[in-house]
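Structure file my_file-v6.cif (mmCIF, C-alpha atoms) follows.
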data_entry
loop_
_atom_site.label_atom_id
_atom_site.label_comp_id
_atom_site.auth_asym_id
_atom_site.auth_seq_id
_atom_site.Cartn_x
_atom_site.Cartn_y
_atom_site.Cartn_z
CA MET A 1 18.40 44.24 -52.95
CA VAL A 2 21.38 41.89 -52.84
CA ASN A 3 21.76 39.82 -49.65
CA ILE A 4 25.55 39.58 -49.14
CA PRO A 5 25.45 37.31 -46.02
CA ALA A 6 23.21 34.83 -47.89
CA ILE A 7 25.52 34.95 -50.94
CA LYS A 8 28.58 34.28 -48.74
CA GLN A 9 26.86 31.30 -47.09
CA GLY A 10 25.79 30.01 -50.50
CA ILE A 11 29.37 30.30 -51.80
CA ARG A 12 30.77 28.42 -48.79
CA ASN A 13 28.16 25.67 -49.23
CA LEU A 14 28.85 25.53 -52.96
CA MET A 15 32.61 25.18 -52.36
CA VAL A 16 32.23 22.36 -49.81
CA GLU A 17 29.73 20.46 -51.99
CA ASN A 18 31.38 20.94 -55.39
CA LEU A 19 35.02 20.65 -54.32
CA MET A 20 34.44 17.84 -51.79
CA LEU A 21 36.30 19.77 -49.10
CA GLN A 22 36.92 17.94 -45.82
CA ILE A 23 35.72 20.93 -43.79
CA SER A 24 32.33 22.43 -43.03
CA PRO A 25 31.15 25.66 -44.70
CA GLU A 26 31.39 27.43 -41.32
CA GLU A 27 35.15 26.70 -41.17
CA ILE A 28 35.81 28.82 -44.27
CA GLY A 29 36.51 32.42 -43.25
CA ASP A 30 35.26 35.30 -45.42
CA ASP A 31 38.82 36.67 -45.73
CA GLN A 32 40.63 33.31 -45.73
CA PRO A 33 42.66 32.83 -48.92
CA LEU A 34 41.41 30.01 -51.13
CA PHE A 35 44.85 29.27 -52.61
CA GLY A 36 48.40 29.25 -51.27
CA PRO A 37 49.82 29.33 -47.73
CA GLY A 38 47.27 29.58 -44.90
CA SER A 39 44.48 28.94 -47.35
CA VAL A 40 41.56 26.55 -47.73
CA GLY A 41 43.97 24.54 -49.92
CA LEU A 42 42.39 24.79 -53.35
CA ASP A 43 44.36 24.04 -56.52
CA SER A 44 43.95 24.91 -60.22
CA VAL A 45 41.50 22.03 -60.81
CA ASP A 46 39.39 23.30 -57.89
CA ALA A 47 39.49 26.79 -59.43
CA LEU A 48 38.03 25.47 -62.68
CA GLN A 49 35.31 23.55 -60.84
CA LEU A 50 34.52 26.64 -58.77
CA VAL A 51 34.19 28.81 -61.91
CA VAL A 52 31.74 26.29 -63.41
CA ALA A 53 29.79 26.03 -60.13
CA LEU A 54 29.53 29.84 -59.83
CA ASP A 55 28.23 30.03 -63.40
CA LYS A 56 25.60 27.35 -62.70
CA ALA A 57 24.52 28.74 -59.32
CA TYR A 58 24.69 32.49 -59.97
CA GLY A 59 25.13 32.95 -63.73
CA LEU A 60 28.53 34.51 -63.01
CA LYS A 61 30.76 33.93 -66.02
CA ILE A 62 34.52 34.29 -65.44
CA ALA A 63 36.27 33.91 -68.79
CA ASP A 64 39.50 35.83 -68.19
CA PRO A 65 42.25 34.16 -66.08
CA GLU A 66 43.27 37.54 -64.64
CA ALA A 67 39.67 38.23 -63.60
CA ALA A 68 39.53 34.75 -62.04
CA ARG A 69 42.67 35.53 -60.00
CA GLN A 70 41.02 38.69 -58.67
CA ILE A 71 37.59 37.15 -57.99
CA LEU A 72 38.68 33.78 -56.54
CA GLN A 73 40.85 35.21 -53.74
CA ASN A 74 38.39 34.56 -50.90
CA VAL A 75 34.69 34.33 -50.07
CA ASN A 76 34.40 38.14 -49.85
CA THR A 77 35.83 38.74 -53.35
CA ILE A 78 33.57 36.06 -54.85
CA ALA A 79 30.51 37.48 -53.03
CA ASP A 80 31.33 40.98 -54.32
CA ALA A 81 31.53 39.67 -57.91
CA VAL A 82 28.24 37.75 -57.53
CA ALA A 83 26.53 40.81 -55.99
CA LYS A 84 27.76 43.08 -58.82
CA HIS A 85 26.61 40.52 -61.38
CA GLN A 86 23.17 40.20 -59.76
CA SER A 87 22.81 44.00 -59.50
CA SER A 88 23.70 44.52 -63.16
CA ALA A 89 21.43 41.63 -64.24
CA ALA A 90 18.56 43.12 -62.21
CA SER A 91 19.00 46.52 -63.86
CA GLN A 92 18.79 45.04 -67.38
CA PRO A 93 15.41 45.63 -69.03
#
Let me see the file written as structure tokens.
Amino acid sequence: MVNIPAIKQGIRNLMVENLMLQISPEEIGDDQPLFGPGSVGLDSVDALQLVVALDKAYGLKIADPEAARQILQNVNTIADAVAKHQSSAASQP
């Protein structure tokens, strides 16, 4: 069973720690954009660091730039990708 709230909290913590954000994990909304206007304020370097951190923390590999654009929209989209990855990894023999 995948624990989505725990994954979301883990992602917020991971972002604050790895990207040295000047905000607390609780200040990042689940639907808040990570890039662009009204966002957390991440840039392309942050995106690369986030991809590496997600791989280390969750084994989630994001190789395709288009997939990264879809996954790295907000905490919810990242959590969904992590949950799918964990579900498919758990179903492997």
I'd like the box whose edges run along x, y and z of the file and which contains every listed atom of stretch 80-84 of chain A, padded by 8 Å per side; could you state its centre and edge lengths in Å, one decimal, as JSON?
{"center_x": 29.0, "center_y": 40.4, "center_z": -56.6, "size_x": 21.0, "size_y": 21.3, "size_z": 20.5}
_Residues near stretch 73-82 of chain A, anyone? I mean within 8 Å using all atoms listed in the file, not counting same-chain ones fewer than 3 positions away, as a list in words._
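Residues meeting the cut-off are Ile4, Ile7, Lys8, Ile11, Arg12, Gly29, Asp30, Asp31, Gln32, Pro33, Leu34, Phe35, Tyr58, Leu60, Arg69, Gln70, His85 and Gln86 of chain A.
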*Tell me, in Å to one decimal, how far atom CA of A:Ala68 is from atom CA of A:Val45.*
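Atom CA of A:Val45 lies at a distance of 12.9 Å from atom CA of A:Ala68.
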_If I take atom CA of A:Ala47 and atom CA of A:Glu17, how far is one from the other in Å, to one decimal?_
13.8 Å
*Do you know which residues the PyMOL selection byres ((chain A and resi 62) around 10) returns on this file, as number ranges by chain?*
A: 48, 51-52, 54-55, 59-61, 63-69, 71-72, 81
_Would you compute the distance between atom CA of A:Gly38 and atom CA of A:Met15? Give it in Å to one decimal._
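Rounded to one decimal, the two atoms are 17.0 Å apart.
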*Which is closer to A:Val16 than all the others in A:Pro37, A:Asp46, A:Gln92, A:Asn3, using all atoms listed in the file?*
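Among the listed residues, the smallest separation from A:Val16 belongs to A:Asp46.
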Taking the structure in the block just given, could you write stretch 45-79 of chain A with N, CA and C atoms, as a compact mmCIF listing (two decimals), in the first residue's frame?
# COMPACT_ATOMS: atom_id res chain seq x y z
N VAL A 45 18.33 24.39 -13.13
CA VAL A 45 19.33 23.73 -12.30
C VAL A 45 18.64 23.00 -11.15
N ASP A 46 17.64 23.65 -10.55
CA ASP A 46 16.86 23.00 -9.48
C ASP A 46 16.18 21.74 -10.00
N ALA A 47 15.67 21.81 -11.24
CA ALA A 47 14.99 20.65 -11.83
C ALA A 47 15.95 19.47 -11.92
N LEU A 48 17.18 19.71 -12.36
CA LEU A 48 18.17 18.64 -12.45
C LEU A 48 18.47 18.06 -11.07
N GLN A 49 18.66 18.93 -10.09
CA GLN A 49 18.94 18.47 -8.73
C GLN A 49 17.77 17.66 -8.18
N LEU A 50 16.55 18.10 -8.50
CA LEU A 50 15.36 17.41 -8.02
C LEU A 50 15.26 16.02 -8.65
N VAL A 51 15.56 15.90 -9.94
CA VAL A 51 15.54 14.60 -10.62
C VAL A 51 16.54 13.65 -9.96
N VAL A 52 17.74 14.13 -9.66
CA VAL A 52 18.75 13.30 -9.00
C VAL A 52 18.29 12.90 -7.60
N ALA A 53 17.72 13.86 -6.85
CA ALA A 53 17.26 13.59 -5.49
C ALA A 53 16.12 12.56 -5.49
N LEU A 54 15.20 12.67 -6.46
CA LEU A 54 14.09 11.71 -6.54
C LEU A 54 14.59 10.31 -6.86
N ASP A 55 15.63 10.23 -7.70
CA ASP A 55 16.23 8.94 -8.03
C ASP A 55 16.86 8.33 -6.78
N LYS A 56 17.62 9.14 -6.03
CA LYS A 56 18.28 8.65 -4.82
C LYS A 56 17.27 8.24 -3.75
N ALA A 57 16.25 9.07 -3.53
CA ALA A 57 15.30 8.83 -2.45
C ALA A 57 14.28 7.75 -2.77
N TYR A 58 13.81 7.73 -4.02
CA TYR A 58 12.69 6.84 -4.36
C TYR A 58 13.00 5.87 -5.51
N GLY A 59 14.18 5.98 -6.10
CA GLY A 59 14.50 5.11 -7.24
C GLY A 59 13.74 5.50 -8.49
N LEU A 60 13.18 6.72 -8.49
CA LEU A 60 12.40 7.20 -9.64
C LEU A 60 13.34 7.81 -10.67
N LYS A 61 13.47 7.15 -11.81
CA LYS A 61 14.35 7.65 -12.86
C LYS A 61 13.53 8.41 -13.89
N ILE A 62 13.93 9.66 -14.15
CA ILE A 62 13.24 10.50 -15.14
C ILE A 62 14.28 10.86 -16.20
N ALA A 63 14.27 10.13 -17.30
CA ALA A 63 15.31 10.33 -18.32
C ALA A 63 14.86 11.29 -19.42
N ASP A 64 13.57 11.32 -19.69
CA ASP A 64 13.01 12.06 -20.82
C ASP A 64 12.61 13.47 -20.38
N PRO A 65 13.10 14.52 -21.07
CA PRO A 65 12.73 15.90 -20.69
C PRO A 65 11.23 16.15 -20.70
N GLU A 66 10.51 15.53 -21.64
CA GLU A 66 9.06 15.72 -21.70
C GLU A 66 8.40 15.08 -20.47
N ALA A 67 8.88 13.91 -20.08
CA ALA A 67 8.36 13.26 -18.87
C ALA A 67 8.66 14.13 -17.65
N ALA A 68 9.84 14.71 -17.61
CA ALA A 68 10.21 15.58 -16.48
C ALA A 68 9.27 16.77 -16.40
N ARG A 69 8.91 17.35 -17.56
CA ARG A 69 7.98 18.49 -17.57
C ARG A 69 6.63 18.10 -16.99
N GLN A 70 6.19 16.89 -17.29
CA GLN A 70 4.90 16.42 -16.78
C GLN A 70 4.97 16.11 -15.28
N ILE A 71 6.03 15.44 -14.87
CA ILE A 71 6.16 14.98 -13.48
C ILE A 71 6.48 16.13 -12.53
N LEU A 72 7.34 17.06 -12.93
CA LEU A 72 7.83 18.10 -12.02
C LEU A 72 6.95 19.35 -12.00
N GLN A 73 5.65 19.20 -12.23
CA GLN A 73 4.76 20.35 -12.22
C GLN A 73 4.49 20.84 -10.80
N ASN A 74 4.19 19.90 -9.89
CA ASN A 74 3.90 20.25 -8.50
C ASN A 74 4.08 19.01 -7.62
N VAL A 75 3.88 19.17 -6.34
CA VAL A 75 4.07 18.06 -5.40
C VAL A 75 3.14 16.89 -5.75
N ASN A 76 1.90 17.19 -6.13
CA ASN A 76 0.94 16.12 -6.48
C ASN A 76 1.43 15.28 -7.65
N THR A 77 1.93 15.93 -8.72
CA THR A 77 2.36 15.18 -9.90
C THR A 77 3.60 14.34 -9.59
N ILE A 78 4.49 14.87 -8.74
CA ILE A 78 5.67 14.09 -8.36
C ILE A 78 5.24 12.89 -7.50
N ALA A 79 4.34 13.13 -6.54
CA ALA A 79 3.86 12.06 -5.66
C ALA A 79 3.18 10.96 -6.47
